[in-house]
Amino acid sequence: MLAVCTVSFGFSQVKRTMSGAEYCSMKKSRMSRLPVLEKEILGSPTHAFDVLDYKLNLKIYDNFFSPYPHDFYHATNTMKFKVDSTLSSIQLNAVNTSLIIDSLRLAGVSFTHTNDILTIQLDRTYSPGEIVQVRICYHHANVEDGAFYAQGGTVFTDCEPEGARRWFPCWDKQSDKATLDLTVKVPLAAKLGSNGALMDSTINGDTLTYHWVSNNKISTYLMVMSARLNYNLDILYWHKLSNPSVAIPLRFYYNPGETPQGIEAILPDMTTYYSENYCEHPYQKNGLAALDDQFAWGGMENQTLTSICPNCWYESLVSHEFAHQWFGDLVTCATWADIWLNEGFATWSEAFWIEKTLGYSGYKSEIDNDASSYFQSNPGWAISVPDWAVNTPDVNTLFNFAITYAKGACALHQVRYLLGDTLFFHTLQAYVNDTNLRFGNASISDFNAKVNQVTGQNYDWYFNDWLFQPNNPSYYNTYNIEDLGTGQWKVNFFTTQDQLTPAFFRMVLELKVRFEDGTDTTFRVMNDANYQQYSFLFSKQPTLLEFDPDNQVVLKQAATLVGIPEASAHNGSHLFQNVPNPAINTTKVVYEIDHPTNIRLEILDITGRILATPVNEFKAAGKYSCDLDCSSYSSGLNYYRLKAGDVSLTKKMVITH
């Protein structure tokens with residue numbers, strides 16, 4: 001989509017050429033493939049311990065100075081964990097080429113470090129429920145590894161999907177959230193931001209020590225530090241809706257020459273808007289940090305401190321990344337098979353932010369653009385692939401814009417269409433306020449269950465068909481209008497899907513019937529089987545039927561044609577339904593006439609074009625049957641028509657191969 005993002009409040013305009021979701025996708029899909037846990041660890045959905053807190057202490061003073069890249073630093077990680085099952089050792093992720101383990105302290109007595117797995121022998125066997133601490137003394141090798149960056153006076157980390165293991169030893173799966181206590185030594189001229197709240201910053205000679213603490217649990221890929229020599233820093237405050245006396249700092253770190261003031265003017269309103277519609281902003285602070293050209297594209301939604309590319313103070317990008325503070329950070333996808341709950345929701349929220357200023361039509365235009373992007377670039381896999389829960393896919397797959405972002409947003413829009421706004425927003429609020437999910441993790445099935453709970457209905461069919469199946473339906477519809485006499489009319493609507501795979505998507509379909517007097521009526525039908533027909537009676541004359549008149553089922557292709565009116569009996573002549581119907585290769589047509597006449601039996605396609613004439617002869621009165629070979633006809637809706645003298649009778653025939 002081409003658009004111009006105009007920053008108001010009297011500040012200069014900032015232009016963009018892509019949506020925030022496109023920026024996000026391009027950034028994340030350009031990351032190198034990150035290592036994953038060994039298969040035997042991944043084979044279990046849980047591990048034998050629960051990390052409670054990472055207490056990191058890093059000395060990165062020298063990383064701000066040449067020669068660059070300068071990625072070497074010393075650090076310690078004091079990790080607190082609760083034992084879940086009897087154990088005498090633990091395993092952590094620590095990439096061998098990035099992290100060199102120097103020694104252990106506290107409950108750690110010895111270690112091995114091979115194949116990116118750090119195995120720590122503990123000082124004794126621990127029982128379930130015990131709290132244990134190990135201190136890992138380590139240093140980072142002077143290597144560029146796609147997670148820790150140090151160049152030109154800028155130092156930062158960037159971890160999604162599994163890069164935290166490159167800058168500190170950890171259990172690097174998003175399902176094990178922990179609090180973070182981060183102490184970092186930097187030069188006096190540097191500013192450094194991180195997750196949570198700034199406890200203190202102390203000066204000792206030419207060294208500045210920052211102490212950041214997050215009391216809210218974080219997934220490891222969302223832990224961050226962002227620093228720069230001569231960083232500019234603006235701090236604004238947002239006041240909680242529930243208690244306006246509580247001021248939440250919004251911190252803006254920006255490079256010399258950048259102008260973040262437009263976003264500074266917008267972010268408090270955005271915080272209020274998301275708080276009103278999702279849940280109140282739940283963190284100690286929030287903010288954004290512009291990085292350097294090593295972070296060339298888009299943004300990264302680190303919890304309470306989003307990273308953005310240099311000079312990328314775009315409203316579209318910020319609305320996308322900031323929505324992640326709710327969808328992705330507050331409630332984080334349980335596995336990468338659940339990435340829809342992060343990126344699909346944030347991309348939808350980008351459109352929802354547009355709705356605030358441009359109304360529903362602006363929102364819908366953005367959703368339609370997402371649908372167009374999906375159709376143009378659909379690679380042919382589902383939004384959620386179960387194998388991703390175990391085997392992390394490559395970043396080009398995981399962060400594919402057409403599927404993860406564009407189709408993901410459209411799939412959530414269709415939930416809004418199905419539920420209506422009241423139930424939809426109640427569902428979102430119930431989801432992010434659920435104490436079992438909040439500051440925890442959720443699967444798609446958890447959101448599905450929340451939809452069912454709030455609505456009191458079972459929507460499993462929608463998630464099964466639209467999130468776990470690839471591609472989209474292609475509808476081929478016909479309708480006709482019958483004058484029944486005595487002021488009654490009947491509208492017949494026939495819908496079929498003719499996509500190759502999968503064979504069918506269940507959906508609630510909206511139909512609008514227009515009448516001769518200029519009025520119209522709109523109603524919904526449940527389309528739960530292929531080749532389905534609906535008939536509606538009216539006491540005034542219909543003139544037109546529109547299928548999905550507002551294009552709410554955006555993930556579809558469709559054609560709706562005026563079909564051929566059906567008639568099966570007239571003046572003693574009868575045309576019976578073919579058997580079997582649907583037909584595969586052959587079917588039988590039976591007809592009856594009450595007087596001798598010339599008989600013509602025709603096969604027609606949906607447009608009325610004659611495909612074949614299997615019978616064309618004079619016949620005596622009687623009942624006849626005709627076996628039709630359907631193997632050469634296309635799958636879908638067809639018709640067969642009996643002409644008996646001046647009588648014409650027509651029936652529908654469905655063919656499947």
# chains A, B, ... in the order shown; residues from 1 in each chain; ligands from 1

$ residues_around --residues "Asn571 (chain A)" --least-positions-apart "2" --cutoff "12 Å" --atoms "only C-alpha atoms" --output "list in words"
Ala567, Ser568, Ala569, Ser573, His574, Leu575, Glu592, Ile593, Asp594, His595, Ala644, Gly645, Asp646, Val647, Ser648 and Leu649 of chain A

$ write_last_selection --atoms "N, CA and C atoms" --output "tab-separated table (two decimals), in the first residue's frame"
chain	number	residue	atom	x	y	z
A	567	ALA	N	-37.85	-25.39	-12.96
A	567	ALA	CA	-39.23	-25.85	-13.03
A	567	ALA	C	-39.18	-27.35	-13.28
A	568	SER	N	-40.00	-28.13	-12.56
A	568	SER	CA	-39.90	-29.59	-12.66
A	568	SER	C	-41.19	-30.26	-13.15
A	569	ALA	N	-42.30	-29.48	-13.27
A	569	ALA	CA	-43.55	-30.11	-13.72
A	569	ALA	C	-44.41	-29.07	-14.42
A	573	SER	N	-46.21	-33.11	-17.73
A	573	SER	CA	-44.80	-33.46	-17.97
A	573	SER	C	-44.02	-33.25	-16.67
A	574	HIS	N	-43.12	-34.18	-16.38
A	574	HIS	CA	-42.35	-34.13	-15.13
A	574	HIS	C	-40.87	-34.38	-15.42
A	575	LEU	N	-40.02	-33.61	-14.72
A	575	LEU	CA	-38.57	-33.82	-14.77
A	575	LEU	C	-38.10	-34.06	-13.34
A	592	GLU	N	-40.96	-37.75	-17.49
A	592	GLU	CA	-42.25	-38.36	-17.82
A	592	GLU	C	-43.07	-37.40	-18.66
A	593	ILE	N	-43.73	-37.92	-19.74
A	593	ILE	CA	-44.60	-37.12	-20.59
A	593	ILE	C	-45.94	-37.84	-20.72
A	594	ASP	N	-47.04	-37.06	-20.86
A	594	ASP	CA	-48.37	-37.67	-20.89
A	594	ASP	C	-48.97	-37.72	-22.28
A	595	HIS	N	-48.19	-37.29	-23.29
A	595	HIS	CA	-48.68	-37.40	-24.66
A	595	HIS	C	-47.47	-37.47	-25.60
A	644	ALA	N	-40.27	-30.56	-23.98
A	644	ALA	CA	-41.29	-31.50	-24.47
A	644	ALA	C	-42.37	-30.70	-25.17
A	645	GLY	N	-42.24	-30.58	-26.48
A	645	GLY	CA	-43.15	-29.72	-27.22
A	645	GLY	C	-42.92	-28.28	-26.80
A	646	ASP	N	-43.97	-27.62	-26.30
A	646	ASP	CA	-43.83	-26.23	-25.87
A	646	ASP	C	-43.55	-26.10	-24.37
A	647	VAL	N	-43.27	-27.22	-23.71
A	647	VAL	CA	-42.96	-27.23	-22.28
A	647	VAL	C	-41.45	-27.27	-22.08
A	648	SER	N	-40.95	-26.46	-21.14
A	648	SER	CA	-39.51	-26.47	-20.83
A	648	SER	C	-39.35	-26.60	-19.31
A	649	LEU	N	-38.68	-27.65	-18.87
A	649	LEU	CA	-38.46	-27.94	-17.45
A	649	LEU	C	-36.95	-28.01	-17.18

$ select_by_dssp --residues "region 388-580 of chain A" --states "strand (DSSP E)" --output "PyMOL selection string"
chain A and resi 440-442+474-485+488-497+507-515+520-527+532-538+542-547+557-562+569-570+573-575

$ write_last_selection --atoms "C-alpha atoms" --output "CSV table (one decimal), in the first residue's frame"
chain,number,residue,atom,x,y,z
A,440,GLY,CA,1.8,-15.5,30.3
A,441,ASN,CA,1.2,-17.4,27.1
A,442,ALA,CA,-1.7,-18.4,24.9
A,474,SER,CA,-13.5,-19.5,-4.2
A,475,TYR,CA,-17.3,-19.1,-4.4
A,476,TYR,CA,-19.3,-19.8,-7.5
A,477,ASN,CA,-22.9,-18.7,-6.8
A,478,THR,CA,-26.1,-18.5,-8.8
A,479,TYR,CA,-29.5,-17.2,-7.9
A,480,ASN,CA,-32.9,-16.9,-9.6
A,481,ILE,CA,-36.2,-15.2,-8.9
A,482,GLU,CA,-39.5,-17.0,-9.3
A,483,ASP,CA,-42.9,-15.3,-9.6
A,484,LEU,CA,-45.2,-17.7,-7.7
A,485,GLY,CA,-48.3,-15.7,-8.5
A,488,GLN,CA,-45.5,-14.1,-3.8
A,489,TRP,CA,-42.0,-14.4,-5.1
A,490,LYS,CA,-39.2,-16.9,-4.3
A,491,VAL,CA,-35.5,-16.2,-4.4
A,492,ASN,CA,-33.3,-19.3,-4.8
A,493,PHE,CA,-29.6,-18.9,-4.0
A,494,PHE,CA,-27.1,-21.7,-4.7
A,495,THR,CA,-23.5,-21.5,-3.5
A,496,THR,CA,-20.6,-23.8,-4.2
A,497,GLN,CA,-16.8,-23.6,-3.7
A,507,MET,CA,-18.7,-19.6,6.9
A,508,VAL,CA,-21.7,-17.4,7.8
A,509,LEU,CA,-22.6,-15.7,4.6
A,510,GLU,CA,-24.4,-12.4,4.3
A,511,LEU,CA,-27.0,-11.9,1.5
A,512,LYS,CA,-28.8,-8.7,0.5
A,513,VAL,CA,-32.0,-8.8,-1.6
A,514,ARG,CA,-33.1,-5.6,-3.3
A,515,PHE,CA,-36.8,-5.0,-4.2
A,520,ASP,CA,-33.7,-4.0,0.6
A,521,THR,CA,-33.2,-6.6,3.3
A,522,THR,CA,-30.0,-8.2,4.5
A,523,PHE,CA,-29.8,-11.6,6.3
A,524,ARG,CA,-27.2,-14.2,7.2
A,525,VAL,CA,-27.1,-17.9,6.4
A,526,MET,CA,-24.8,-20.6,7.6
A,527,ASN,CA,-22.9,-22.3,4.8
A,532,GLN,CA,-25.9,-25.7,-0.7
A,533,GLN,CA,-29.2,-24.1,-1.7
A,534,TYR,CA,-31.3,-21.6,0.1
A,535,SER,CA,-34.8,-20.4,-0.8
A,536,PHE,CA,-36.6,-17.3,0.5
A,537,LEU,CA,-40.2,-16.2,0.1
A,538,PHE,CA,-41.2,-12.5,-0.2
A,542,PRO,CA,-37.2,-8.9,-5.6
A,543,THR,CA,-35.0,-7.6,-8.4
A,544,LEU,CA,-31.4,-8.4,-7.3
A,545,LEU,CA,-29.4,-10.5,-4.8
A,546,GLU,CA,-26.0,-9.4,-3.6
A,547,PHE,CA,-23.6,-11.9,-2.1
A,557,GLN,CA,-12.8,-15.0,-4.3
A,558,ALA,CA,-16.4,-15.0,-5.6
A,559,ALA,CA,-18.6,-14.8,-8.6
A,560,THR,CA,-22.4,-14.5,-8.4
A,561,LEU,CA,-24.5,-14.9,-11.5
A,562,VAL,CA,-28.1,-14.9,-12.3
A,569,ALA,CA,-43.5,-30.1,-13.7
A,570,HIS,CA,-46.0,-28.6,-16.2
A,573,SER,CA,-44.8,-33.5,-18.0
A,574,HIS,CA,-42.4,-34.1,-15.1
A,575,LEU,CA,-38.6,-33.8,-14.8

$ atom_distance --atom1 "CA of Trp238 (chain A)" --atom2 "CA of His281 (chain A)"
9.6 Å

$ select_by_dssp --residues "region 214-328 of chain A" --states "helix (DSSP H, G or I)" --output "MDAnalysis selection string"
chainID A and resid 220:222 261:277 315:323

$ write_last_selection --atoms "N, CA and C atoms" --output "PDB file, in the first residue's frame"
ATOM      1  N   THR A 220      12.001 -14.387  26.811  1.00  0.00           N
ATOM      2  CA  THR A 220      13.401 -14.025  26.573  1.00  0.00           C
ATOM      3  C   THR A 220      13.596 -13.248  25.283  1.00  0.00           C
ATOM      4  N   TYR A 221      12.799 -13.546  24.233  1.00  0.00           N
ATOM      5  CA  TYR A 221      13.006 -12.841  22.967  1.00  0.00           C
ATOM      6  C   TYR A 221      12.578 -11.375  23.040  1.00  0.00           C
ATOM      7  N   LEU A 222      11.862 -11.017  24.127  1.00  0.00           N
ATOM      8  CA  LEU A 222      11.404  -9.639  24.310  1.00  0.00           C
ATOM      9  C   LEU A 222      12.264  -8.855  25.297  1.00  0.00           C
ATOM     10  N   GLN A 261       8.787  14.158  17.478  1.00  0.00           N
ATOM     11  CA  GLN A 261       7.748  14.899  18.189  1.00  0.00           C
ATOM     12  C   GLN A 261       6.335  14.554  17.708  1.00  0.00           C
ATOM     13  N   GLY A 262       6.185  14.209  16.442  1.00  0.00           N
ATOM     14  CA  GLY A 262       4.863  13.817  15.967  1.00  0.00           C
ATOM     15  C   GLY A 262       4.356  12.578  16.671  1.00  0.00           C
ATOM     16  N   ILE A 263       5.210  11.578  16.816  1.00  0.00           N
ATOM     17  CA  ILE A 263       4.824  10.361  17.530  1.00  0.00           C
ATOM     18  C   ILE A 263       4.665  10.639  19.022  1.00  0.00           C
ATOM     19  N   GLU A 264       5.493  11.515  19.557  1.00  0.00           N
ATOM     20  CA  GLU A 264       5.334  11.877  20.966  1.00  0.00           C
ATOM     21  C   GLU A 264       3.951  12.462  21.224  1.00  0.00           C
ATOM     22  N   ALA A 265       3.439  13.231  20.254  1.00  0.00           N
ATOM     23  CA  ALA A 265       2.107  13.820  20.402  1.00  0.00           C
ATOM     24  C   ALA A 265       1.000  12.776  20.280  1.00  0.00           C
ATOM     25  N   ILE A 266       1.275  11.696  19.543  1.00  0.00           N
ATOM     26  CA  ILE A 266       0.249  10.679  19.268  1.00  0.00           C
ATOM     27  C   ILE A 266       0.221   9.586  20.322  1.00  0.00           C
ATOM     28  N   LEU A 267       1.378   9.182  20.845  1.00  0.00           N
ATOM     29  CA  LEU A 267       1.446   7.966  21.660  1.00  0.00           C
ATOM     30  C   LEU A 267       0.560   8.011  22.909  1.00  0.00           C
ATOM     31  N   PRO A 268       0.431   9.127  23.608  1.00  0.00           N
ATOM     32  CA  PRO A 268      -0.506   9.107  24.746  1.00  0.00           C
ATOM     33  C   PRO A 268      -1.940   8.786  24.330  1.00  0.00           C
ATOM     34  N   ASP A 269      -2.398   9.351  23.209  1.00  0.00           N
ATOM     35  CA  ASP A 269      -3.742   9.036  22.718  1.00  0.00           C
ATOM     36  C   ASP A 269      -3.850   7.572  22.311  1.00  0.00           C
ATOM     37  N   MET A 270      -2.788   7.041  21.710  1.00  0.00           N
ATOM     38  CA  MET A 270      -2.788   5.645  21.307  1.00  0.00           C
ATOM     39  C   MET A 270      -2.854   4.732  22.534  1.00  0.00           C
ATOM     40  N   THR A 271      -2.133   5.115  23.580  1.00  0.00           N
ATOM     41  CA  THR A 271      -2.171   4.343  24.814  1.00  0.00           C
ATOM     42  C   THR A 271      -3.578   4.325  25.394  1.00  0.00           C
ATOM     43  N   THR A 272      -4.237   5.460  25.365  1.00  0.00           N
ATOM     44  CA  THR A 272      -5.617   5.528  25.851  1.00  0.00           C
ATOM     45  C   THR A 272      -6.549   4.685  24.992  1.00  0.00           C
ATOM     46  N   TYR A 273      -6.415   4.788  23.680  1.00  0.00           N
ATOM     47  CA  TYR A 273      -7.299   4.068  22.753  1.00  0.00           C
ATOM     48  C   TYR A 273      -7.175   2.563  22.934  1.00  0.00           C
ATOM     49  N   TYR A 274      -5.946   2.061  22.972  1.00  0.00           N
ATOM     50  CA  TYR A 274      -5.750   0.632  23.182  1.00  0.00           C
ATOM     51  C   TYR A 274      -6.188   0.220  24.584  1.00  0.00           C
ATOM     52  N   SER A 275      -5.964   1.088  25.567  1.00  0.00           N
ATOM     53  CA  SER A 275      -6.388   0.777  26.938  1.00  0.00           C
ATOM     54  C   SER A 275      -7.903   0.672  27.033  1.00  0.00           C
ATOM     55  N   GLU A 276      -8.614   1.550  26.361  1.00  0.00           N
ATOM     56  CA  GLU A 276     -10.075   1.546  26.419  1.00  0.00           C
ATOM     57  C   GLU A 276     -10.667   0.320  25.728  1.00  0.00           C
ATOM     58  N   ASN A 277     -10.020  -0.141  24.665  1.00  0.00           N
ATOM     59  CA  ASN A 277     -10.602  -1.219  23.867  1.00  0.00           C
ATOM     60  C   ASN A 277     -10.030  -2.593  24.187  1.00  0.00           C
ATOM     61  N   GLU A 315       3.715   6.706  12.050  1.00  0.00           N
ATOM     62  CA  GLU A 315       2.507   6.382  12.811  1.00  0.00           C
ATOM     63  C   GLU A 315       2.068   4.946  12.554  1.00  0.00           C
ATOM     64  N   SER A 316       2.178   4.503  11.310  1.00  0.00           N
ATOM     65  CA  SER A 316       1.764   3.134  10.977  1.00  0.00           C
ATOM     66  C   SER A 316       2.621   2.114  11.705  1.00  0.00           C
ATOM     67  N   LEU A 317       3.938   2.318  11.687  1.00  0.00           N
ATOM     68  CA  LEU A 317       4.848   1.381  12.348  1.00  0.00           C
ATOM     69  C   LEU A 317       4.621   1.379  13.857  1.00  0.00           C
ATOM     70  N   VAL A 318       4.489   2.553  14.443  1.00  0.00           N
ATOM     71  CA  VAL A 318       4.312   2.642  15.892  1.00  0.00           C
ATOM     72  C   VAL A 318       2.980   2.028  16.316  1.00  0.00           C
ATOM     73  N   SER A 319       1.914   2.257  15.559  1.00  0.00           N
ATOM     74  CA  SER A 319       0.619   1.684  15.936  1.00  0.00           C
ATOM     75  C   SER A 319       0.661   0.164  15.902  1.00  0.00           C
ATOM     76  N   HIS A 320       1.415  -0.395  14.964  1.00  0.00           N
ATOM     77  CA  HIS A 320       1.580  -1.850  14.891  1.00  0.00           C
ATOM     78  C   HIS A 320       2.392  -2.363  16.080  1.00  0.00           C
ATOM     79  N   GLU A 321       3.589  -1.794  16.270  1.00  0.00           N
ATOM     80  CA  GLU A 321       4.484  -2.299  17.308  1.00  0.00           C
ATOM     81  C   GLU A 321       3.930  -2.049  18.703  1.00  0.00           C
ATOM     82  N   PHE A 322       3.288  -0.909  18.894  1.00  0.00           N
ATOM     83  CA  PHE A 322       2.762  -0.596  20.220  1.00  0.00           C
ATOM     84  C   PHE A 322       1.610  -1.524  20.586  1.00  0.00           C
ATOM     85  N   ALA A 323       0.822  -1.953  19.594  1.00  0.00           N
ATOM     86  CA  ALA A 323      -0.257  -2.909  19.867  1.00  0.00           C
ATOM     87  C   ALA A 323       0.293  -4.227  20.395  1.00  0.00           C
TER      88      ALA A 323
END

$ closest_residue --among "A:Val95, A:Leu236, A:Leu601, A:Ala290" --to "Tyr138 (chain A)" --atoms "only C-alpha atoms"
A:Val95

$ closest_residue --among "A:Thr207, A:Thr179, A:Thr306, A:Gln541" --to "Ser226 (chain A)" --atoms "only C-alpha atoms"
A:Thr306

$ closest_residue --among "A:Val385, A:Met225, A:Gly608, A:Asn216" --to "Cys159 (chain A)" --atoms "only C-alpha atoms"
A:Met225

$ closest_atom_pairs --of "region 392-468 of chain A" --to "region 330-349 of chain A" --cutoff "12 Å" --atoms "only C-alpha atoms" --output "Markdown table"
| residue | atom | partner | partner_atom | distance |
| --- | --- | --- | --- | --- |
| A:Thr392 | CA | A:Trp336 | CA | 6.7 |
| A:Pro393 | CA | A:Trp336 | CA | 8.2 |
| A:Asp394 | CA | A:Trp336 | CA | 10.9 |
| A:Val395 | CA | A:Trp336 | CA | 10.8 |
| A:Thr397 | CA | A:Trp336 | CA | 10.9 |
| A:Leu398 | CA | A:Trp336 | CA | 7.6 |
| A:Phe399 | CA | A:Glu343 | CA | 8.5 |
| A:Asn400 | CA | A:Glu343 | CA | 10.3 |
| A:Phe401 | CA | A:Glu343 | CA | 9.5 |
| A:Ala402 | CA | A:Gly344 | CA | 10.6 |
| A:Ile403 | CA | A:Gly344 | CA | 8.8 |
| A:Thr404 | CA | A:Gly344 | CA | 6.2 |
| A:Tyr405 | CA | A:Gly344 | CA | 5.1 |
| A:Ala406 | CA | A:Thr347 | CA | 7.2 |
| A:Lys407 | CA | A:Gly344 | CA | 7.5 |
| A:Gly408 | CA | A:Gly344 | CA | 4.0 |
| A:Ala409 | CA | A:Trp348 | CA | 4.5 |
| A:Cys410 | CA | A:Trp348 | CA | 7.3 |
| A:Ala411 | CA | A:Gly344 | CA | 7.8 |
| A:Leu412 | CA | A:Phe345 | CA | 7.0 |
| A:His413 | CA | A:Trp348 | CA | 7.1 |
| A:Gln414 | CA | A:Trp348 | CA | 10.7 |
| A:Val415 | CA | A:Trp348 | CA | 11.2 |
| A:Arg416 | CA | A:Trp348 | CA | 10.6 |
| A:Leu428 | CA | A:Phe345 | CA | 10.0 |
| A:Gln429 | CA | A:Val331 | CA | 11.7 |
| A:Ala430 | CA | A:Val331 | CA | 11.8 |
| A:Tyr431 | CA | A:Val331 | CA | 8.5 |
| A:Val432 | CA | A:Val331 | CA | 6.5 |
| A:Asn433 | CA | A:Val331 | CA | 9.2 |
| A:Asp434 | CA | A:Val331 | CA | 9.4 |
| A:Thr435 | CA | A:Val331 | CA | 10.2 |
| A:Asn436 | CA | A:Val331 | CA | 9.7 |
| A:Leu437 | CA | A:Val331 | CA | 6.0 |
| A:Arg438 | CA | A:Val331 | CA | 5.4 |
| A:Phe439 | CA | A:Leu330 | CA | 4.8 |
| A:Gly440 | CA | A:Val331 | CA | 5.5 |
| A:Asn441 | CA | A:Thr332 | CA | 4.6 |
| A:Ala442 | CA | A:Ala334 | CA | 5.0 |
| A:Ser443 | CA | A:Ala334 | CA | 5.2 |
| A:Ile444 | CA | A:Asp338 | CA | 5.7 |
| A:Ser445 | CA | A:Asp338 | CA | 8.9 |
| A:Asp446 | CA | A:Ala334 | CA | 9.8 |
| A:Phe447 | CA | A:Leu341 | CA | 8.3 |
| A:Asn448 | CA | A:Leu341 | CA | 10.9 |
| A:Phe463 | CA | A:Trp340 | CA | 11.5 |
| A:Trp466 | CA | A:Trp340 | CA | 11.9 |
| A:Leu467 | CA | A:Trp340 | CA | 8.7 |
| A:Phe468 | CA | A:Ala337 | CA | 9.9 |

$ residues_around --residues "Phe111 (chain A)" --least-positions-apart "3" --cutoff "6 Å" --atoms "only C-alpha atoms" --output "ChimeraX atom specification"
/A:119-121

$ closest_residue --among "A:Tyr253, A:Tyr231, A:Tyr462, A:Trp353" --to "Glu366 (chain A)" --atoms "only C-alpha atoms"
A:Trp353

$ residues_around --residues "Ser201 (chain A)" --least-positions-apart "5" --cutoff "12 Å" --atoms "only C-alpha atoms" --output "list in words"
Leu182, Thr183, Val184, Lys185, Val186, Pro187, Leu188, Ala190, Lys191, Leu192, Gly193, Thr207, Leu208, Thr209, Tyr210, His211, Trp212 and Val213 of chain A

$ residues_around --residues "Tyr640 (chain A)" --least-positions-apart "5" --cutoff "12 Å" --atoms "only C-alpha atoms" --output "NGL selection string"
:A and (564-568 or 575-578 or 587-591 or 600-606 or 608-615 or 626 or 628 or 630 or 648-655)

$ atom_distance --atom1 "CA of Gly380 (chain A)" --atom2 "CA of Asn472 (chain A)"
9.5 Å

$ closest_residue --among "A:Ser242, A:Gln325, A:Thr157, A:Thr656" --to "Tyr633 (chain A)" --atoms "only C-alpha atoms"
A:Thr656

$ closest_residue --among "A:Glu617, A:Glu144, A:Asp181, A:Asp206" --to "Leu58 (chain A)" --atoms "only C-alpha atoms"
A:Asp181
